[in-house]
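Structure below is start-v4.cif: mmCIF, C-alpha atoms.
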data_my_file
#
loop_
_atom_site.group_PDB
_atom_site.id
_atom_site.type_symbol
_atom_site.label_atom_id
_atom_site.label_comp_id
_atom_site.auth_asym_id
_atom_site.auth_seq_id
_atom_site.Cartn_x
_atom_site.Cartn_y
_atom_site.Cartn_z
ATOM 1 C CA MET Y 1 0.000 0.000 0.000
ATOM 2 C CA ILE Y 2 1.150 3.510 -0.876
ATOM 3 C CA ILE Y 3 -0.300 6.794 0.435
ATOM 4 C CA SER Y 4 0.641 10.176 -1.041
ATOM 5 C CA LYS Y 5 -0.142 13.553 0.515
ATOM 6 C CA THR Y 6 -0.221 16.649 -1.714
ATOM 7 C CA PRO Y 7 -0.932 20.211 -0.543
ATOM 8 C CA LEU Y 8 -3.409 22.613 -2.054
ATOM 9 C CA ARG Y 9 -2.207 26.123 -2.855
ATOM 10 C CA ALA Y 10 -3.178 29.805 -2.719
ATOM 11 C CA SER Y 11 -1.838 32.061 -5.465
ATOM 12 C CA PHE Y 12 -1.413 35.733 -4.610
ATOM 13 C CA PHE Y 13 -0.103 37.548 -7.681
ATOM 14 C CA GLY Y 14 0.614 36.859 -11.345
ATOM 15 C CA GLY Y 15 -2.223 34.520 -12.312
ATOM 16 C CA GLY Y 16 -2.612 34.460 -16.104
ATOM 17 C CA THR Y 17 1.083 35.035 -16.794
ATOM 18 C CA ASP Y 18 1.615 31.272 -16.412
ATOM 19 C CA PHE Y 19 -0.302 30.566 -19.639
ATOM 20 C CA SER Y 20 2.079 29.470 -22.396
ATOM 21 C CA THR Y 21 0.426 31.890 -24.830
ATOM 22 C CA TYR Y 22 1.707 34.702 -22.628
ATOM 23 C CA TYR Y 23 5.112 33.635 -21.332
ATOM 24 C CA GLU Y 24 6.306 32.158 -24.635
ATOM 25 C CA ASN Y 25 5.698 35.539 -26.287
ATOM 26 C CA SER Y 26 6.363 37.946 -23.423
ATOM 27 C CA LYS Y 27 8.714 40.825 -24.190
ATOM 28 C CA LEU Y 28 9.723 40.647 -20.532
ATOM 29 C CA GLY Y 29 11.007 37.128 -21.133
ATOM 30 C CA TYR Y 30 8.901 35.372 -18.534
ATOM 31 C CA GLY Y 31 5.657 35.114 -16.614
ATOM 32 C CA THR Y 32 5.695 34.851 -12.840
ATOM 33 C CA VAL Y 33 3.494 34.078 -9.840
ATOM 34 C CA VAL Y 34 3.989 34.008 -6.094
ATOM 35 C CA SER Y 35 2.030 31.429 -4.135
ATOM 36 C CA THR Y 36 2.043 29.282 -1.043
ATOM 37 C CA ALA Y 37 1.108 25.705 -0.390
ATOM 38 C CA LEU Y 38 -1.575 25.314 2.293
ATOM 39 C CA ASP Y 39 -2.018 22.872 5.151
ATOM 40 C CA MET Y 40 -4.970 21.336 3.316
ATOM 41 C CA TYR Y 41 -4.286 18.187 1.368
ATOM 42 C CA VAL Y 42 -5.290 15.670 -1.267
ATOM 43 C CA TYR Y 43 -4.616 12.044 -0.278
ATOM 44 C CA ILE Y 44 -4.184 9.150 -2.679
ATOM 45 C CA ILE Y 45 -4.189 5.528 -1.515
ATOM 46 C CA VAL Y 46 -2.895 2.922 -3.950
ATOM 47 C CA ASN Y 47 -3.037 -0.795 -3.254
ATOM 48 C CA ARG Y 48 -2.610 -4.013 -5.226
ATOM 49 C CA LYS Y 49 -5.962 -5.577 -6.124
ATOM 50 C CA PHE Y 50 -6.378 -9.342 -5.672
ATOM 51 C CA ASP Y 51 -7.594 -9.728 -9.266
ATOM 52 C CA ASP Y 52 -6.774 -7.998 -12.565
ATOM 53 C CA ASN Y 53 -9.531 -5.385 -12.342
ATOM 54 C CA ILE Y 54 -9.074 -1.674 -11.658
ATOM 55 C CA ARG Y 55 -11.056 -0.106 -8.829
ATOM 56 C CA ILE Y 56 -11.260 3.691 -8.435
ATOM 57 C CA VAL Y 57 -12.983 5.282 -5.431
ATOM 58 C CA TYR Y 58 -13.685 9.014 -5.141
ATOM 59 C CA SER Y 59 -17.068 10.725 -5.028
ATOM 60 C CA GLY Y 60 -17.925 7.963 -7.494
ATOM 61 C CA ASN Y 61 -16.951 4.303 -7.563
ATOM 62 C CA GLU Y 62 -15.567 2.535 -10.611
ATOM 63 C CA LEU Y 63 -14.740 -1.125 -11.213
ATOM 64 C CA VAL Y 64 -13.408 -1.805 -14.695
ATOM 65 C CA SER Y 65 -11.221 -4.358 -16.448
ATOM 66 C CA ARG Y 66 -9.186 -2.036 -18.694
ATOM 67 C CA VAL Y 67 -7.496 1.356 -18.257
ATOM 68 C CA ASP Y 68 -9.378 2.839 -21.215
ATOM 69 C CA GLU Y 69 -12.665 2.144 -19.380
ATOM 70 C CA VAL Y 70 -11.745 4.370 -16.416
ATOM 71 C CA LYS Y 71 -14.051 7.395 -16.474
ATOM 72 C CA HIS Y 72 -12.036 9.583 -14.117
ATOM 73 C CA ASN Y 73 -9.927 11.335 -16.745
ATOM 74 C CA ILE Y 74 -6.965 12.423 -14.603
ATOM 75 C CA ILE Y 75 -6.568 9.034 -12.928
ATOM 76 C CA ARG Y 76 -6.973 7.232 -16.273
ATOM 77 C CA GLU Y 77 -4.207 9.277 -17.912
ATOM 78 C CA ALA Y 78 -1.938 8.938 -14.866
ATOM 79 C CA LEU Y 79 -2.240 5.142 -15.100
ATOM 80 C CA LYS Y 80 -1.264 5.348 -18.761
ATOM 81 C CA ILE Y 81 1.754 7.588 -18.137
ATOM 82 C CA VAL Y 82 3.094 5.350 -15.380
ATOM 83 C CA GLY Y 83 2.292 2.198 -17.346
ATOM 84 C CA ILE Y 84 -0.055 0.359 -14.977
ATOM 85 C CA GLU Y 85 -2.735 -1.581 -16.813
ATOM 86 C CA LYS Y 86 -4.448 -3.836 -14.284
ATOM 87 C CA GLY Y 87 -4.770 -5.160 -10.756
ATOM 88 C CA ILE Y 88 -4.846 -1.930 -8.766
ATOM 89 C CA GLU Y 89 -7.083 0.029 -6.394
ATOM 90 C CA ILE Y 90 -6.917 3.831 -6.132
ATOM 91 C CA ILE Y 91 -8.773 5.811 -3.466
ATOM 92 C CA TYR Y 92 -8.912 9.621 -3.615
ATOM 93 C CA MET Y 93 -9.892 11.825 -0.658
ATOM 94 C CA ALA Y 94 -9.229 15.400 0.400
ATOM 95 C CA ASP Y 95 -9.606 17.982 3.153
ATOM 96 C CA ILE Y 96 -12.096 19.832 0.938
ATOM 97 C CA PRO Y 97 -15.377 18.710 -0.642
ATOM 98 C CA LEU Y 98 -14.810 16.559 -3.708
ATOM 99 C CA SER Y 99 -16.729 17.689 -6.766
ATOM 100 C CA ASN Y 100 -16.279 18.356 -10.449
ATOM 101 C CA ALA Y 101 -16.587 22.092 -9.885
ATOM 102 C CA GLY Y 102 -13.633 24.368 -9.266
ATOM 103 C CA ILE Y 103 -12.842 25.903 -5.883
ATOM 104 C CA GLY Y 104 -9.651 27.783 -6.725
ATOM 105 C CA LEU Y 105 -7.159 25.845 -4.579
ATOM 106 C CA ALA Y 106 -5.650 23.751 -7.414
ATOM 107 C CA SER Y 107 -7.370 20.549 -6.309
ATOM 108 C CA SER Y 108 -7.310 19.002 -9.795
ATOM 109 C CA SER Y 109 -3.570 19.610 -10.131
ATOM 110 C CA ALA Y 110 -3.014 18.281 -6.604
ATOM 111 C CA LEU Y 111 -4.912 15.147 -7.640
ATOM 112 C CA ALA Y 112 -2.800 14.774 -10.784
ATOM 113 C CA VAL Y 113 0.489 15.261 -8.938
ATOM 114 C CA GLY Y 114 -0.582 13.099 -5.989
ATOM 115 C CA VAL Y 115 -1.792 10.150 -8.022
ATOM 116 C CA LEU Y 116 1.327 10.243 -10.201
ATOM 117 C CA ASN Y 117 3.510 10.288 -7.097
ATOM 118 C CA ALA Y 118 1.655 7.343 -5.570
ATOM 119 C CA LEU Y 119 1.664 5.293 -8.770
ATOM 120 C CA HIS Y 120 5.380 5.821 -9.369
ATOM 121 C CA ALA Y 121 6.083 4.791 -5.766
ATOM 122 C CA TYR Y 122 3.852 1.741 -6.220
ATOM 123 C CA LYS Y 123 6.131 0.682 -9.085
ATOM 124 C CA GLY Y 124 9.219 1.327 -6.963
ATOM 125 C CA GLU Y 125 10.173 4.426 -8.970
ATOM 126 C CA PHE Y 126 11.433 7.702 -7.520
ATOM 127 C CA VAL Y 127 10.651 10.795 -9.580
ATOM 128 C CA SER Y 128 11.505 14.376 -8.704
ATOM 129 C CA GLN Y 129 8.968 17.072 -7.903
ATOM 130 C CA GLY Y 130 9.821 18.736 -11.192
ATOM 131 C CA VAL Y 131 9.014 15.571 -13.127
ATOM 132 C CA LEU Y 132 5.729 15.179 -11.241
ATOM 133 C CA ALA Y 133 4.795 18.756 -12.175
ATOM 134 C CA ARG Y 134 5.685 18.227 -15.836
ATOM 135 C CA GLU Y 135 3.767 14.948 -16.007
ATOM 136 C CA ALA Y 136 0.730 16.619 -14.406
ATOM 137 C CA CYS Y 137 0.926 19.372 -17.047
ATOM 138 C CA GLU Y 138 1.097 16.684 -19.719
ATOM 139 C CA ILE Y 139 -2.111 15.154 -18.369
ATOM 140 C CA GLU Y 140 -4.135 18.284 -17.771
ATOM 141 C CA ILE Y 141 -3.033 20.450 -20.694
ATOM 142 C CA ASN Y 142 -1.809 18.176 -23.475
ATOM 143 C CA ARG Y 143 -3.857 15.007 -23.015
ATOM 144 C CA LEU Y 144 -7.092 16.436 -21.594
ATOM 145 C CA GLY Y 145 -6.919 19.716 -23.477
ATOM 146 C CA GLN Y 146 -7.589 21.949 -20.494
ATOM 147 C CA ARG Y 147 -6.784 25.554 -21.297
ATOM 148 C CA ILE Y 148 -4.977 26.394 -18.093
ATOM 149 C CA GLY Y 149 -1.647 27.719 -16.911
ATOM 150 C CA ILE Y 150 1.155 25.712 -15.349
ATOM 151 C CA GLN Y 151 1.561 27.362 -11.943
ATOM 152 C CA ASP Y 152 -0.671 24.936 -10.029
ATOM 153 C CA GLN Y 153 1.184 21.762 -10.941
ATOM 154 C CA PHE Y 154 4.525 23.226 -9.845
ATOM 155 C CA ALA Y 155 3.128 24.823 -6.677
ATOM 156 C CA VAL Y 156 1.553 21.638 -5.326
ATOM 157 C CA ALA Y 157 4.459 19.425 -6.382
ATOM 158 C CA HIS Y 158 7.124 21.616 -4.750
ATOM 159 C CA GLY Y 159 5.161 23.143 -1.855
ATOM 160 C CA GLY Y 160 6.448 26.038 0.220
ATOM 161 C CA PHE Y 161 6.083 29.793 -0.265
ATOM 162 C CA SER Y 162 7.823 30.564 -3.551
ATOM 163 C CA GLN Y 163 8.047 32.712 -6.624
ATOM 164 C CA TYR Y 164 7.768 30.773 -9.875
ATOM 165 C CA LYS Y 165 9.059 32.122 -13.186
ATOM 166 C CA PHE Y 166 7.990 30.655 -16.524
ATOM 167 C CA PHE Y 167 10.459 31.521 -19.267
ATOM 168 C CA ASN Y 168 10.119 31.894 -23.040
ATOM 169 C CA ASP Y 169 11.955 28.600 -23.614
ATOM 170 C CA GLY Y 170 9.567 26.640 -21.381
ATOM 171 C CA SER Y 171 11.919 26.343 -18.407
ATOM 172 C CA VAL Y 172 10.653 27.086 -14.905
ATOM 173 C CA SER Y 173 12.542 28.480 -11.916
ATOM 174 C CA ILE Y 174 11.358 28.032 -8.325
ATOM 175 C CA THR Y 175 12.725 30.504 -5.781
ATOM 176 C CA PRO Y 176 11.624 30.120 -2.161
ATOM 177 C CA VAL Y 177 10.722 33.490 -0.665
ATOM 178 C CA VAL Y 178 13.294 33.954 2.092
ATOM 179 C CA CYS Y 179 12.726 36.971 4.319
ATOM 180 C CA LYS Y 180 12.665 37.859 7.990
ATOM 181 C CA LYS Y 181 10.622 35.303 9.894
ATOM 182 C CA GLU Y 182 8.643 38.103 11.531
ATOM 183 C CA ALA Y 183 7.505 39.393 8.126
ATOM 184 C CA MET Y 184 6.352 35.963 6.956
ATOM 185 C CA VAL Y 185 4.489 35.340 10.231
ATOM 186 C CA GLN Y 186 2.873 38.771 10.106
ATOM 187 C CA LEU Y 187 1.769 38.255 6.510
ATOM 188 C CA ARG Y 188 0.143 34.976 7.478
ATOM 189 C CA ASN Y 189 -1.545 36.673 10.459
ATOM 190 C CA ASN Y 190 -2.961 39.338 8.126
ATOM 191 C CA LEU Y 191 -4.528 36.840 5.721
ATOM 192 C CA MET Y 192 -8.066 35.472 6.037
ATOM 193 C CA LEU Y 193 -9.671 32.762 3.929
ATOM 194 C CA PHE Y 194 -13.429 32.443 3.388
ATOM 195 C CA TYR Y 195 -15.468 29.917 1.430
ATOM 196 C CA THR Y 196 -18.046 31.643 -0.750
ATOM 197 C CA GLY Y 197 -20.379 28.642 -0.572
ATOM 198 C CA THR Y 198 -20.498 28.324 -4.349
ATOM 199 C CA THR Y 199 -18.397 26.435 -6.854
ATOM 200 C CA ARG Y 200 -18.124 26.974 -10.574
ATOM 201 C CA ASP Y 201 -17.095 25.254 -13.749
ATOM 202 C CA SER Y 202 -13.954 27.239 -14.470
ATOM 203 C CA ARG Y 203 -13.601 25.994 -18.043
ATOM 204 C CA LYS Y 204 -15.686 28.761 -19.618
ATOM 205 C CA ILE Y 205 -13.797 31.455 -17.704
ATOM 206 C CA LEU Y 206 -10.415 29.936 -18.531
ATOM 207 C CA ASN Y 207 -11.300 29.387 -22.187
ATOM 208 C CA GLU Y 208 -12.268 33.040 -22.592
ATOM 209 C CA GLN Y 209 -9.159 34.128 -20.721
ATOM 210 C CA SER Y 210 -6.974 31.937 -22.925
ATOM 211 C CA ASP Y 211 -8.613 33.246 -26.108
ATOM 212 C CA THR Y 212 -7.908 36.864 -25.177
ATOM 213 C CA ILE Y 213 -4.471 36.660 -23.548
ATOM 214 C CA LEU Y 214 -2.643 38.307 -26.433
ATOM 215 C CA ASP Y 215 -5.173 41.158 -26.281
ATOM 216 C CA LYS Y 216 -4.380 41.680 -22.593
ATOM 217 C CA THR Y 217 -0.598 41.698 -22.816
ATOM 218 C CA VAL Y 218 -0.262 45.126 -21.221
ATOM 219 C CA MET Y 219 -2.285 44.048 -18.181
ATOM 220 C CA LEU Y 220 -0.338 40.796 -17.894
ATOM 221 C CA ASP Y 221 2.981 42.653 -18.141
ATOM 222 C CA GLU Y 222 1.802 44.786 -15.229
ATOM 223 C CA LEU Y 223 0.965 41.658 -13.228
ATOM 224 C CA VAL Y 224 4.523 40.387 -13.792
ATOM 225 C CA ASN Y 225 5.918 43.671 -12.507
ATOM 226 C CA THR Y 226 3.514 43.634 -9.557
ATOM 227 C CA THR Y 227 4.571 40.101 -8.608
ATOM 228 C CA ASP Y 228 8.236 41.116 -8.583
ATOM 229 C CA ARG Y 229 7.404 44.190 -6.487
ATOM 230 C CA ALA Y 230 5.311 42.131 -4.061
ATOM 231 C CA VAL Y 231 8.213 39.779 -3.372
ATOM 232 C CA GLN Y 232 10.533 42.752 -2.827
ATOM 233 C CA ALA Y 233 7.977 44.357 -0.484
ATOM 234 C CA LEU Y 234 7.977 41.204 1.619
ATOM 235 C CA TYR Y 235 11.778 41.312 1.792
ATOM 236 C CA ASP Y 236 11.498 44.963 2.875
ATOM 237 C CA GLY Y 237 8.793 44.239 5.467
ATOM 238 C CA ASN Y 238 6.252 46.434 3.652
ATOM 239 C CA LEU Y 239 3.333 44.091 4.246
ATOM 240 C CA ASP Y 240 0.474 46.512 3.612
ATOM 241 C CA PHE Y 241 1.717 46.714 0.010
ATOM 242 C CA TRP Y 242 0.246 43.234 -0.351
ATOM 243 C CA GLY Y 243 -3.184 44.433 0.731
ATOM 244 C CA ALA Y 244 -3.193 47.416 -1.617
ATOM 245 C CA GLU Y 245 -1.883 45.401 -4.562
ATOM 246 C CA LEU Y 246 -4.298 42.534 -4.005
ATOM 247 C CA ASP Y 247 -7.077 45.100 -4.259
ATOM 248 C CA ARG Y 248 -5.657 46.685 -7.416
ATOM 249 C CA THR Y 249 -4.892 43.402 -9.183
ATOM 250 C CA TRP Y 250 -8.330 42.004 -8.303
ATOM 251 C CA GLU Y 251 -9.785 44.848 -10.363
ATOM 252 C CA ILE Y 252 -7.481 43.832 -13.225
ATOM 253 C CA LYS Y 253 -8.394 40.169 -12.902
ATOM 254 C CA LYS Y 254 -12.118 40.939 -13.206
ATOM 255 C CA LYS Y 255 -11.411 42.288 -16.706
ATOM 256 C CA PHE Y 256 -9.884 39.018 -17.921
ATOM 257 C CA ALA Y 257 -13.174 37.219 -18.597
ATOM 258 C CA ASN Y 258 -16.891 37.289 -17.918
ATOM 259 C CA GLY Y 259 -17.791 35.393 -14.776
ATOM 260 C CA VAL Y 260 -14.598 36.081 -12.810
ATOM 261 C CA SER Y 261 -16.820 37.959 -10.387
ATOM 262 C CA ASN Y 262 -20.568 38.188 -9.884
ATOM 263 C CA PRO Y 263 -22.985 40.216 -7.707
ATOM 264 C CA GLN Y 264 -22.584 37.881 -4.721
ATOM 265 C CA ILE Y 265 -18.784 38.060 -4.858
ATOM 266 C CA ASP Y 266 -18.830 41.828 -5.389
ATOM 267 C CA SER Y 267 -21.123 42.235 -2.372
ATOM 268 C CA MET Y 268 -18.963 39.945 -0.244
ATOM 269 C CA TYR Y 269 -15.820 41.847 -1.192
ATOM 270 C CA ALA Y 270 -17.423 45.235 -0.563
ATOM 271 C CA LYS Y 271 -18.547 44.121 2.925
ATOM 272 C CA ALA Y 272 -15.032 42.927 3.709
ATOM 273 C CA LYS Y 273 -13.455 46.205 2.616
ATOM 274 C CA SER Y 274 -15.991 48.269 4.541
ATOM 275 C CA ALA Y 275 -15.134 46.261 7.652
ATOM 276 C CA GLY Y 276 -11.390 46.823 7.285
ATOM 277 C CA ALA Y 277 -9.907 44.528 4.611
ATOM 278 C CA LEU Y 278 -7.276 46.307 2.533
ATOM 279 C CA GLY Y 279 -7.613 43.965 -0.418
ATOM 280 C CA GLY Y 280 -8.234 40.436 -1.567
ATOM 281 C CA LYS Y 281 -9.209 38.184 -4.444
ATOM 282 C CA ILE Y 282 -11.084 35.076 -5.444
ATOM 283 C CA LEU Y 283 -8.545 32.282 -5.728
ATOM 284 C CA GLY Y 284 -8.264 30.412 -8.993
ATOM 285 C CA ALA Y 285 -10.167 31.318 -12.127
ATOM 286 C CA GLY Y 286 -12.936 33.142 -10.247
ATOM 287 C CA GLY Y 287 -16.691 32.855 -10.090
ATOM 288 C CA GLY Y 288 -16.787 31.122 -6.705
ATOM 289 C CA GLY Y 289 -14.745 28.941 -4.412
ATOM 290 C CA PHE Y 290 -12.481 30.664 -1.869
ATOM 291 C CA MET Y 291 -11.783 34.332 -1.217
ATOM 292 C CA MET Y 292 -8.456 35.371 0.284
ATOM 293 C CA LEU Y 293 -8.397 38.709 2.127
ATOM 294 C CA TYR Y 294 -5.613 40.854 3.559
ATOM 295 C CA VAL Y 295 -6.887 42.247 6.848
ATOM 296 C CA PRO Y 296 -4.862 43.942 9.627
ATOM 297 C CA GLN Y 297 -5.321 41.875 12.766
ATOM 298 C CA GLN Y 298 -7.141 44.601 14.695
ATOM 299 C CA ARG Y 299 -9.904 44.585 12.039
ATOM 300 C CA GLN Y 300 -10.317 40.838 11.628
ATOM 301 C CA ASN Y 301 -13.147 40.408 14.115
ATOM 302 C CA LEU Y 302 -15.114 43.086 12.264
ATOM 303 C CA VAL Y 303 -14.481 41.394 8.908
ATOM 304 C CA GLN Y 304 -15.517 38.028 10.300
ATOM 305 C CA GLU Y 305 -18.739 39.571 11.614
ATOM 306 C CA ALA Y 306 -19.416 41.261 8.279
ATOM 307 C CA LEU Y 307 -18.954 37.936 6.482
ATOM 308 C CA SER Y 308 -20.698 35.797 9.093
ATOM 309 C CA GLU Y 309 -22.839 34.098 6.437
ATOM 310 C CA PHE Y 310 -19.683 32.666 4.864
ATOM 311 C CA THR Y 311 -17.412 29.950 6.247
ATOM 312 C CA TYR Y 312 -14.128 31.195 7.685
ATOM 313 C CA ILE Y 313 -11.280 28.735 7.063
ATOM 314 C CA PRO Y 314 -8.196 28.939 9.313
ATOM 315 C CA PHE Y 315 -5.043 27.850 7.488
ATOM 316 C CA SER Y 316 -1.263 27.804 7.703
ATOM 317 C CA TYR Y 317 1.563 27.639 5.192
ATOM 318 C CA CYS Y 318 2.777 24.208 4.136
ATOM 319 C CA HIS Y 319 6.526 23.949 3.581
ATOM 320 C CA GLU Y 320 6.519 20.554 1.869
ATOM 321 C CA GLY Y 321 5.265 19.491 -1.525
ATOM 322 C CA SER Y 322 3.754 16.198 -2.631
ATOM 323 C CA ARG Y 323 5.256 13.307 -0.695
ATOM 324 C CA ILE Y 324 4.788 9.658 0.114
ATOM 325 C CA VAL Y 325 3.661 9.344 3.750
ATOM 326 C CA PHE Y 326 3.169 5.568 3.884
ATOM 327 C CA SER Y 327 4.696 2.677 1.974
ATOM 328 C CA ASP Y 328 4.291 -0.978 2.851
#
Would it be possible to restate this file's structure as structure tokens?
Amino acid sequence: MIISKTPLRASFFGGGTDFSTYYENSKLGYGTVVSTALDMYVYIIVNRKFDDNIRIVYSGNELVSRVDEVKHNIIREALKIVGIEKGIEIIYMADIPLSNAGIGLASSSALAVGVLNALHAYKGEFVSQGVLAREACEIEINRLGQRIGIQDQFAVAHGGFSQYKFFNDGSVSITPVVCKKEAMVQLRNNLMLFYTGTTRDSRKILNEQSDTILDKTVMLDELVNTTDRAVQALYDGNLDFWGAELDRTWEIKKKFANGVSNPQIDSMYAKAKSAGALGGKILGAGGGGFMMLYVPQQRQNLVQEALSEFTYIPFSYCHEGSRIVFSD
């Protein structure tokens, strides 16, 4: 039996610049995001089955005789990449509700990375975090045709609080954000996470965003510059810069595609700002899922009261990426 544990992630700045259409053509030479892994996880259990069938358990339950019959598309393609054709059980669970709708924490990429990690370990193979990220991109983007960026796969595979740069030639650099411990702790203390209570199919939003990336180059260039400035501000201890820039870049993000925001989200965000939040954003493509807010600690009780109809989710940073936590 093998069990893998893969963190979810929250992305702060630079979303959209991790699309190949942008970074392969960027005059700046790269796209970039800064994100952190969270102490919320996707778990994959892999075990040898007593017969030659394949059993997959998630919110559904599949029992099939051939890989091509597996309906769960990510798990099916992971089996193909690793080269396992029969006699296996895979169980998928998470610290968040399992559904087909997006929630903005990179759960699909965490599933892809986590199941690949577990399947490789099942075969007695060690693969690096970089390989896991690349194989997850191969599944989600190339094989399944999802029109998404590549930040999520790298963030959940590597974990930690890092800046990722995606260069014209397709290479990726991962630089852990190293600053004074007090600044990192204070940033965490100034962040609040709320569940909007709604999920969304992000494909329409992401498809429109992908179609119009070249038309939004100026905005995306500004997001690259903002991401670099945000990392420098953290080094300098200028934490409130994060609040102000989250607010400004949220306004930019809403222009990327229809459905990024909606009246409920706008109302929720306005209530939070009126109560003392300096800025924030919907994580992921938008339209629902989780909202991250930057709120000075002395105003957090007021913000929590203002958003009492929404679920407040305490969280911490996660310093590790996808890993095998049990092998027998």
- Across Y:Val177, Y:Val260, Y:Met40, Y:Ala272, the smallest distance to Pro97 in chain Y, with all atoms listed in the file counted, is shown by Y:Met40
- Query: Which is closest to Met1 in chain Y among Y:Asn47, Y:Gln153, Y:Ser173, Y:Thr227, if we use all atoms listed in the file?
  - Reply: Y:Asn47
Set up a box along x, y and z of the file covering all listed atoms of range 4-23 of chain Y, add 8 Å on every one of the six sides, and write the centre and edge lengths in Å to one decimal, as lines of an AutoDock Vina configuration file.
center_x = 0.9
center_y = 23.9
center_z = -12.2
size_x = 24.5
size_y = 43.4
size_z = 41.3
- Quick one: residues within 7 Å of range 13-27 of chain Y, all atoms listed in the file counted, chain neighbours fewer than 4 positions away excluded, as JSON, numbers by chain? {"Y": [31, 32, 33, 34, 148, 149, 150, 151, 166, 167, 168, 169, 213, 214, 220, 223, 224, 227]}
- Could you tell me which of Y:Glu309, Y:Leu191, Y:Asp215, Y:Val172 comes closest to Gly29 in chain Y if we count only C-alpha atoms?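 Ranked by minimum distance to Gly29 in chain Y, first place goes to Y:Val172.
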